[in-house]
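Enquirer: First the structure, then my questions, so here it is.
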Amino acid sequence: MSKPEAPQHPQAAGAPQRLWSVDEHLADVLATVRPLEPIELQLLDAQGCVLVEDVTVPVALPPFDNSSMDGYAVRTADVQGVSEEFPAVLTVIGDVAAGDGELPTVGPGQAARIMTGAPLPPGAEAVVPVEWTDGGTGGGAATGMTPASESPEGAAGEVRVHRPAEARAHVRARGSDVQAGDLALAAGTVLGPPQIALLAAIGRGTVRVRPRPRVVVLSTGSELVQPGEALTAGTIYDSNSFALAAAARDAGAIAYRVGAVADDADTLRSTIEDQLIRADLLVTTGGVSVGAYDVVKEALTAVSTGDDEVDGAGIDFRKLAMQPGKPQGFGTIGPDHTPLLALPGNPVSSYVSFELFVRPAIRTLMGLPASEVSRPSARAVLEADKAIGSPAGRRQFLRGKYDAESGTVSPVGGSGSHLIAALAHADSLIVVPEDVTSVEPGSELEVVLLG
């Protein structure tokens, strides 16, 4: 699979660090990422992948005229004008089951028992449902057929038909779904269950796609404990790696979650090196700010300057004009220039950063068009008890609850980047532009839809 070239970052070492806009950072991230090389996959393995070629239909679907009901294949002339009082009495000449190759010919005054999906036999022009007959029992209207295994001789005898049928009634015509030569699926289609079903129905066992990206997620922090373990003084549960691994799967990737790495630069570099073999994209959380224990920045800065054996790296750490999520890092690492995005460690900051930058990177790796790599957005009217403040020069992303029917959005929880409970109840991000410091209730804003 092809990998992007290491990006060149124009900011010189030691130069004053400027604030980058959200749009500038996203553009740089996407310029670093290239779609994965296509491969041929078995159908079930291709679920969630993007087609790289048009698929045409080799045979018509259905490939033959067949019955859409359990009933009797008849000639229309034999059942014309019939009623409950004056039924047609037809001779049953045999059974036609799904998969049968040798078919009886239905002549005048005759009928063949036929099952759903079975081919229409020669001579027959329509199918009457079994409910329109006595089921060959000589009684009133039937509700079902006698199983062939219980009464194989029941295929013979007579059947009384109580209702008329027009030509082609309850018959699925050959090619009524798709015709041979039709376009089944276009290149660029994401393969979900219905698309997999169509490919199987037209006889395709494999398909050429871009594979789902393999995304390795690791969180950093000596304070992190895995869920299920006991907390001790000063420790918290690691939620970021679970949230981002789940988000990566939701975006269409195959996600690998690595347990939290302690605040040690050498350990982190070693862990990253070990993960490169199975990663199309690496995502780290925590350790990208300016603290004494921000090991991601320490470890990857050393890598970027060639002080470590994990070569081929170009990791850029920058501050963005956004809240939450100001500190960010991105670039490539290792001999294959594997993309890496380093996100901040606060839970809301990391999740918002994922939605804005990592999700588009994943979907670019999948080969989706630019119009489909980011979450959809809408315009909504703010419903709130009071005005919402926002820092000057920063694009703020607030958790929100969006009502599509009324076209309104309401804030959920506060603006703190640690408030993960509010995030769990939000279905959108309310976007406050950089040049706005206060938003009054009733104002219209952009809303990023997360659902």
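Naming works like this for the structure tokens: A, B, ... for the chains as they're shown, residue 1 at the start of each chain, ligands 1 onward in shown order.
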Need the shell around region 192-204 of chain A: protein/DNA/RNA residues with any atom at most 12 Å away, counting only C-alpha atoms. Skip same-chain ones fewer than 3 positions apart. Format as a PyMOL selection string?
Expert: chain A and resi 40-51+54-63+175+177-186+189+207-208+252
Enquirer: Next, write the just-selected residues to a file, as an mmCIF file, in the first residue's frame, keeping N, CA and C atoms as the atom set.
Expert:
data_model
loop_
_atom_site.group_PDB
_atom_site.id
_atom_site.type_symbol
_atom_site.label_atom_id
_atom_site.label_comp_id
_atom_site.auth_asym_id
_atom_site.auth_seq_id
_atom_site.Cartn_x
_atom_site.Cartn_y
_atom_site.Cartn_z
ATOM 1 N N GLU A 40 -7.925 -6.962 -4.019
ATOM 2 C CA GLU A 40 -9.071 -7.819 -4.305
ATOM 3 C C GLU A 40 -9.452 -8.554 -3.019
ATOM 4 N N LEU A 41 -10.728 -8.446 -2.623
ATOM 5 C CA LEU A 41 -11.166 -9.060 -1.378
ATOM 6 C C LEU A 41 -12.400 -9.926 -1.606
ATOM 7 N N GLN A 42 -12.537 -10.953 -0.768
ATOM 8 C CA GLN A 42 -13.772 -11.727 -0.723
ATOM 9 C C GLN A 42 -14.905 -10.802 -0.266
ATOM 10 N N LEU A 43 -16.134 -11.162 -0.628
ATOM 11 C CA LEU A 43 -17.253 -10.254 -0.400
ATOM 12 C C LEU A 43 -17.384 -9.800 1.048
ATOM 13 N N LEU A 44 -17.404 -10.738 1.992
ATOM 14 C CA LEU A 44 -17.598 -10.347 3.385
ATOM 15 C C LEU A 44 -16.429 -9.546 3.912
ATOM 16 N N ASP A 45 -15.242 -9.813 3.399
ATOM 17 C CA ASP A 45 -14.083 -9.026 3.820
ATOM 18 C C ASP A 45 -14.132 -7.615 3.250
ATOM 19 N N ALA A 46 -14.915 -7.417 2.204
ATOM 20 C CA ALA A 46 -14.997 -6.107 1.552
ATOM 21 C C ALA A 46 -16.063 -5.209 2.164
ATOM 22 N N GLN A 47 -16.807 -5.709 3.151
ATOM 23 C CA GLN A 47 -17.830 -4.881 3.780
ATOM 24 C C GLN A 47 -17.211 -3.623 4.375
ATOM 25 N N GLY A 48 -17.813 -2.480 4.105
ATOM 26 C CA GLY A 48 -17.303 -1.217 4.603
ATOM 27 C C GLY A 48 -16.235 -0.593 3.729
ATOM 28 N N CYS A 49 -15.799 -1.296 2.697
ATOM 29 C CA CYS A 49 -14.760 -0.780 1.804
ATOM 30 C C CYS A 49 -15.380 -0.015 0.635
ATOM 31 N N VAL A 50 -14.521 0.703 -0.082
ATOM 32 C CA VAL A 50 -14.965 1.518 -1.208
ATOM 33 C C VAL A 50 -14.554 0.854 -2.522
ATOM 34 N N LEU A 51 -15.521 0.665 -3.412
ATOM 35 C CA LEU A 51 -15.244 0.092 -4.733
ATOM 36 C C LEU A 51 -14.322 1.011 -5.539
ATOM 37 N N ASP A 54 -16.270 0.129 -11.622
ATOM 38 C CA ASP A 54 -17.680 -0.126 -11.878
ATOM 39 C C ASP A 54 -17.911 -1.626 -11.973
ATOM 40 N N VAL A 55 -19.033 -2.088 -11.451
ATOM 41 C CA VAL A 55 -19.415 -3.497 -11.548
ATOM 42 C C VAL A 55 -20.673 -3.586 -12.394
ATOM 43 N N THR A 56 -20.607 -4.347 -13.487
ATOM 44 C CA THR A 56 -21.768 -4.525 -14.359
ATOM 45 C C THR A 56 -22.400 -5.884 -14.120
ATOM 46 N N VAL A 57 -23.636 -6.018 -14.538
ATOM 47 C CA VAL A 57 -24.410 -7.232 -14.306
ATOM 48 C C VAL A 57 -24.121 -8.232 -15.422
ATOM 49 N N PRO A 58 -23.593 -9.426 -15.092
ATOM 50 C CA PRO A 58 -23.311 -10.409 -16.151
ATOM 51 C C PRO A 58 -24.550 -11.193 -16.585
ATOM 52 N N VAL A 59 -25.515 -11.374 -15.677
ATOM 53 C CA VAL A 59 -26.739 -12.124 -16.006
ATOM 54 C C VAL A 59 -27.932 -11.367 -15.459
ATOM 55 N N ALA A 60 -29.073 -11.504 -16.119
ATOM 56 C CA ALA A 60 -30.279 -10.825 -15.676
ATOM 57 C C ALA A 60 -30.727 -11.360 -14.318
ATOM 58 N N LEU A 61 -31.352 -10.486 -13.529
ATOM 59 C CA LEU A 61 -31.950 -10.880 -12.259
ATOM 60 C C LEU A 61 -33.425 -10.493 -12.272
ATOM 61 N N PRO A 62 -34.330 -11.438 -11.963
ATOM 62 C CA PRO A 62 -34.037 -12.871 -11.872
ATOM 63 C C PRO A 62 -33.694 -13.438 -13.248
ATOM 64 N N PRO A 63 -32.972 -14.574 -13.277
ATOM 65 C CA PRO A 63 -32.531 -15.117 -14.565
ATOM 66 C C PRO A 63 -33.630 -15.860 -15.329
ATOM 67 N N GLY A 175 -35.303 -10.581 -15.547
ATOM 68 C CA GLY A 175 -34.694 -9.275 -15.729
ATOM 69 C C GLY A 175 -35.469 -8.124 -15.119
ATOM 70 N N ASP A 177 -35.489 -7.168 -12.099
ATOM 71 C CA ASP A 177 -34.631 -6.487 -11.120
ATOM 72 C C ASP A 177 -33.534 -5.721 -11.859
ATOM 73 N N VAL A 178 -32.659 -6.437 -12.540
ATOM 74 C CA VAL A 178 -31.634 -5.801 -13.374
ATOM 75 C C VAL A 178 -31.429 -6.651 -14.620
ATOM 76 N N GLN A 179 -31.017 -5.989 -15.697
ATOM 77 C CA GLN A 179 -30.744 -6.667 -16.959
ATOM 78 C C GLN A 179 -29.244 -6.878 -17.121
ATOM 79 N N ALA A 180 -28.868 -7.902 -17.848
ATOM 80 C CA ALA A 180 -27.461 -8.133 -18.160
ATOM 81 C C ALA A 180 -26.886 -6.902 -18.848
ATOM 82 N N GLY A 181 -25.715 -6.461 -18.390
ATOM 83 C CA GLY A 181 -25.081 -5.276 -18.939
ATOM 84 C C GLY A 181 -25.378 -4.005 -18.175
ATOM 85 N N ASP A 182 -26.386 -4.039 -17.278
ATOM 86 C CA ASP A 182 -26.679 -2.862 -16.459
ATOM 87 C C ASP A 182 -25.524 -2.591 -15.488
ATOM 88 N N LEU A 183 -25.411 -1.339 -15.064
ATOM 89 C CA LEU A 183 -24.455 -0.985 -14.021
ATOM 90 C C LEU A 183 -25.027 -1.412 -12.682
ATOM 91 N N ALA A 184 -24.333 -2.329 -12.019
ATOM 92 C CA ALA A 184 -24.790 -2.794 -10.710
ATOM 93 C C ALA A 184 -24.378 -1.811 -9.623
ATOM 94 N N LEU A 185 -23.091 -1.516 -9.551
ATOM 95 C CA LEU A 185 -22.557 -0.589 -8.557
ATOM 96 C C LEU A 185 -21.462 0.245 -9.204
ATOM 97 N N ALA A 186 -21.454 1.524 -8.899
ATOM 98 C CA ALA A 186 -20.455 2.426 -9.470
ATOM 99 C C ALA A 186 -19.222 2.496 -8.582
ATOM 100 N N THR A 189 -18.617 3.458 -4.503
ATOM 101 C CA THR A 189 -19.676 2.987 -3.610
ATOM 102 C C THR A 189 -19.075 2.337 -2.370
ATOM 103 N N VAL A 207 -14.207 -8.723 -5.105
ATOM 104 C CA VAL A 207 -14.386 -7.382 -5.650
ATOM 105 C C VAL A 207 -13.141 -6.565 -5.335
ATOM 106 N N ARG A 208 -12.840 -5.617 -6.213
ATOM 107 C CA ARG A 208 -11.646 -4.788 -6.043
ATOM 108 C C ARG A 208 -12.024 -3.507 -5.304
ATOM 109 N N GLY A 252 -15.210 3.921 9.716
ATOM 110 C CA GLY A 252 -14.987 2.924 8.676
ATOM 111 C C GLY A 252 -13.670 2.189 8.768
#
Enquirer: As a VMD selection string, please: every residue in region 43-253 of chain A that a backbone DSSP assignment puts in strand (DSSP E).
Expert: chain A and resid 50 to 51 55 to 56 66 to 67 71 to 74 88 to 96 110 to 114 126 to 129 156 to 161 171 to 172 183 to 185 206 to 210 214 to 220 224 to 225 236 to 237
Enquirer: Which is closer to Phe330 (chain A) than all the others in A:Leu398, A:Ala31, A:Leu450, A:Ala421, using only C-alpha atoms?
Expert: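 The closest residue to Phe330 (chain A) is A:Ala31.
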Enquirer: Residues near Ala265 (chain A), anyone? I mean within 8 Å using only C-alpha atoms, not counting same-chain ones fewer than 5 positions away, as a list of chain:residue names.
Expert: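 The neighbour list is A:Val295, A:Val296, A:Glu298, A:Ala299.
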Enquirer: Could you write out the selected residues, including all heavy atoms, as a JSON list (two decimals), in the first residue's frame?
Expert:
[["chain", "number", "residue", "atom", "x", "y", "z"],
["A", 295, "VAL", "N", 5.04, 13.72, 27.14],
["A", 295, "VAL", "CA", 6.03, 12.84, 26.52],
["A", 295, "VAL", "C", 5.81, 12.63, 25.04],
["A", 295, "VAL", "O", 6.75, 12.30, 24.32],
["A", 295, "VAL", "CB", 6.07, 11.47, 27.23],
["A", 295, "VAL", "CG1", 6.54, 11.62, 28.66],
["A", 295, "VAL", "CG2", 4.69, 10.80, 27.18],
["A", 296, "VAL", "N", 4.58, 12.78, 24.54],
["A", 296, "VAL", "CA", 4.37, 12.61, 23.10],
["A", 296, "VAL", "C", 5.17, 13.66, 22.34],
["A", 296, "VAL", "O", 5.88, 13.36, 21.38],
["A", 296, "VAL", "CB", 2.87, 12.70, 22.75],
["A", 296, "VAL", "CG1", 2.67, 12.72, 21.24],
["A", 296, "VAL", "CG2", 2.11, 11.52, 23.36],
["A", 298, "GLU", "N", 7.75, 15.29, 23.47],
["A", 298, "GLU", "CA", 9.17, 15.02, 23.68],
["A", 298, "GLU", "C", 9.66, 13.89, 22.79],
["A", 298, "GLU", "O", 10.69, 14.00, 22.11],
["A", 298, "GLU", "CB", 9.42, 14.67, 25.16],
["A", 298, "GLU", "CG", 10.88, 14.30, 25.46],
["A", 298, "GLU", "CD", 11.04, 13.78, 26.88],
["A", 298, "GLU", "OE1", 10.08, 13.85, 27.68],
["A", 298, "GLU", "OE2", 12.14, 13.27, 27.19],
["A", 299, "ALA", "N", 8.92, 12.78, 22.79],
["A", 299, "ALA", "CA", 9.36, 11.59, 22.05],
["A", 299, "ALA", "C", 9.35, 11.85, 20.55],
["A", 299, "ALA", "O", 10.30, 11.51, 19.84],
["A", 299, "ALA", "CB", 8.45, 10.41, 22.38]]
Enquirer: Excluding region 226-241 of chain A and any residue of its chain fewer than 2 positions from it, enumerate the residues within 10 Å of it, using only C-alpha atoms, and give them as a ChimeraX atom specification.
Expert: /A:216-224,243-247,256-260,283-286,344-351,420
Enquirer: Take the residues that were just selected and, keeping N, CA, C and O atoms, output them as a compact mmCIF listing (two decimals), in the first residue's frame.
Expert:
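Contents of part19.txt, as written:
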# COMPACT_ATOMS: atom_id res chain seq x y z
N VAL A 216 -4.28 2.58 14.60
CA VAL A 216 -3.80 2.24 15.95
C VAL A 216 -4.00 3.46 16.84
O VAL A 216 -3.54 4.55 16.53
N VAL A 217 -4.71 3.26 17.95
CA VAL A 217 -4.99 4.32 18.91
C VAL A 217 -4.26 4.01 20.21
O VAL A 217 -4.41 2.91 20.76
N LEU A 218 -3.47 4.96 20.70
CA LEU A 218 -2.83 4.77 22.01
C LEU A 218 -2.91 6.06 22.81
O LEU A 218 -2.78 7.15 22.28
N SER A 219 -3.17 5.90 24.09
CA SER A 219 -3.24 7.05 24.99
C SER A 219 -2.02 7.04 25.89
O SER A 219 -1.42 5.99 26.14
N THR A 220 -1.63 8.20 26.38
CA THR A 220 -0.45 8.31 27.22
C THR A 220 -0.84 8.91 28.57
O THR A 220 -1.79 9.69 28.68
N GLY A 221 -0.08 8.53 29.60
CA GLY A 221 -0.30 9.08 30.93
C GLY A 221 -0.10 8.04 32.00
O GLY A 221 -0.77 7.00 31.99
N SER A 222 0.81 8.31 32.92
CA SER A 222 1.05 7.37 34.02
C SER A 222 -0.13 7.29 34.97
O SER A 222 -0.21 6.38 35.79
N GLU A 223 -1.05 8.26 34.87
CA GLU A 223 -2.22 8.27 35.76
C GLU A 223 -3.35 7.37 35.26
O GLU A 223 -4.36 7.18 35.95
N LEU A 224 -3.21 6.80 34.06
CA LEU A 224 -4.31 6.07 33.44
C LEU A 224 -4.36 4.61 33.89
O LEU A 224 -3.34 3.91 33.89
N ALA A 243 -12.77 5.60 23.45
CA ALA A 243 -13.60 6.51 22.66
C ALA A 243 -13.08 6.64 21.23
O ALA A 243 -13.84 6.58 20.26
N LEU A 244 -11.77 6.80 21.09
CA LEU A 244 -11.22 7.04 19.76
C LEU A 244 -11.16 5.76 18.92
O LEU A 244 -11.31 5.81 17.71
N ALA A 245 -10.94 4.60 19.57
CA ALA A 245 -11.00 3.34 18.82
C ALA A 245 -12.42 3.12 18.30
O ALA A 245 -12.62 2.70 17.15
N ALA A 246 -13.42 3.41 19.14
CA ALA A 246 -14.81 3.28 18.69
C ALA A 246 -15.12 4.29 17.59
O ALA A 246 -15.81 3.97 16.61
N ALA A 247 -14.59 5.51 17.72
CA ALA A 247 -14.82 6.52 16.69
C ALA A 247 -14.16 6.13 15.37
O ALA A 247 -14.70 6.39 14.29
N TYR A 256 -7.24 -0.66 16.30
CA TYR A 256 -6.46 -1.41 17.29
C TYR A 256 -6.20 -0.46 18.47
O TYR A 256 -5.58 0.58 18.29
N ARG A 257 -6.68 -0.84 19.63
CA ARG A 257 -6.47 -0.02 20.82
C ARG A 257 -5.28 -0.54 21.61
O ARG A 257 -5.20 -1.72 21.94
N VAL A 258 -4.35 0.34 21.90
CA VAL A 258 -3.17 0.00 22.69
C VAL A 258 -3.39 0.54 24.10
O VAL A 258 -3.81 1.69 24.27
N GLY A 259 -3.12 -0.29 25.11
CA GLY A 259 -3.26 0.16 26.48
C GLY A 259 -2.41 1.38 26.76
O GLY A 259 -1.41 1.64 26.07
N ALA A 260 -2.81 2.16 27.77
CA ALA A 260 -2.14 3.43 28.06
C ALA A 260 -0.64 3.24 28.28
O ALA A 260 -0.20 2.31 28.94
N VAL A 283 -2.80 7.23 15.97
CA VAL A 283 -3.43 8.32 16.71
C VAL A 283 -3.00 8.22 18.16
O VAL A 283 -3.18 7.17 18.80
N THR A 284 -2.41 9.28 18.68
CA THR A 284 -2.06 9.33 20.10
C THR A 284 -2.89 10.39 20.79
O THR A 284 -3.34 11.34 20.15
N THR A 285 -3.11 10.22 22.09
CA THR A 285 -3.81 11.23 22.87
C THR A 285 -3.00 11.56 24.11
O THR A 285 -2.46 10.66 24.76
N GLY A 286 -2.93 12.84 24.42
CA GLY A 286 -2.20 13.30 25.60
C GLY A 286 -0.76 13.64 25.26
O GLY A 286 -0.20 13.24 24.25
N PRO A 344 -4.73 16.20 21.84
CA PRO A 344 -4.63 16.52 23.26
C PRO A 344 -5.29 15.46 24.13
O PRO A 344 -6.06 14.63 23.63
N GLY A 345 -5.01 15.49 25.43
CA GLY A 345 -5.43 14.41 26.32
C GLY A 345 -6.76 14.60 27.01
O GLY A 345 -7.35 13.61 27.45
N ASN A 346 -7.26 15.83 27.14
CA ASN A 346 -8.57 15.99 27.76
C ASN A 346 -9.62 15.28 26.90
O ASN A 346 -9.59 15.39 25.67
N PRO A 347 -10.54 14.55 27.53
CA PRO A 347 -11.47 13.70 26.76
C PRO A 347 -12.25 14.43 25.68
O PRO A 347 -12.36 13.95 24.55
N VAL A 348 -12.82 15.57 26.01
CA VAL A 348 -13.60 16.30 25.01
C VAL A 348 -12.70 16.86 23.93
O VAL A 348 -13.02 16.82 22.73
N SER A 349 -11.52 17.36 24.33
CA SER A 349 -10.56 17.88 23.35
C SER A 349 -10.16 16.80 22.35
O SER A 349 -10.10 17.05 21.14
N SER A 350 -9.89 15.60 22.86
CA SER A 350 -9.45 14.53 21.96
C SER A 350 -10.57 14.10 21.03
O SER A 350 -10.34 13.85 19.84
N TYR A 351 -11.80 14.04 21.55
CA TYR A 351 -12.90 13.60 20.70
C TYR A 351 -13.23 14.64 19.63
O TYR A 351 -13.44 14.29 18.46
N ILE A 420 -16.86 14.93 30.10
CA ILE A 420 -17.17 13.83 29.18
C ILE A 420 -18.62 13.38 29.30
O ILE A 420 -19.21 12.86 28.35
Enquirer: Using only C-alpha atoms, I'd like a table of the residues in region 169-275 of chain A that come within 12 Å of region 129-140 of chain A; for each, show the closest atom pair and its distance in Å rounded to one decimal, ordered by chain and ascending number, as a tab-separated table.
Expert:
residue	atom	partner	partner_atom	distance
A:Ala169	CA	A:Pro129	CA	9.6
A:His170	CA	A:Pro129	CA	8.0
A:Val171	CA	A:Pro129	CA	10.9
Enquirer: Those residues you just picked out, can you put them in a file as a JSON list (two decimals), in the first residue's frame with C-alpha atoms?
Expert:
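To be explicit, this is the file written out as part.json:
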[["chain", "number", "residue", "atom", "x", "y", "z"],
["A", 169, "ALA", "CA", -50.25, -12.44, -12.20],
["A", 170, "HIS", "CA", -47.81, -13.26, -9.35],
["A", 171, "VAL", "CA", -44.99, -13.86, -11.82]]
Enquirer: Tell me, which residues of region 66-224 of chain A carry DSSP helix (DSSP H, G or I), written as a list of chain:residue names?
Expert: A:Thr76, A:Ala77, A:Asp78, A:Val79, A:Val130, A:Glu131, A:Trp132, A:Pro152, A:Glu153, A:Gly154, A:Ala155, A:Pro193, A:Pro194, A:Gln195, A:Ile196, A:Ala197, A:Leu198, A:Leu199, A:Ala200, A:Ala201
Enquirer: Any idea what the distance is between CA of Glu273 (chain A) and CA of Ala248 (chain A)?
Expert: 20.6 Å
Enquirer: Name the residues in contact with region 98-111 of chain A at a cut-off of 9 Å, using only C-alpha atoms, excluding same-chain residues fewer than 2 positions from it; report them as a PyMOL selection string.
Expert: chain A and resi 66+72-75+77-78+88-96+113-124+158-159
Enquirer: Report, in Å to a single decimal, how far apart CA of Trp20 (chain A) and CA of Pro391 (chain A) are.
Expert: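 Computing it gives 15.3 Å between the two atoms.
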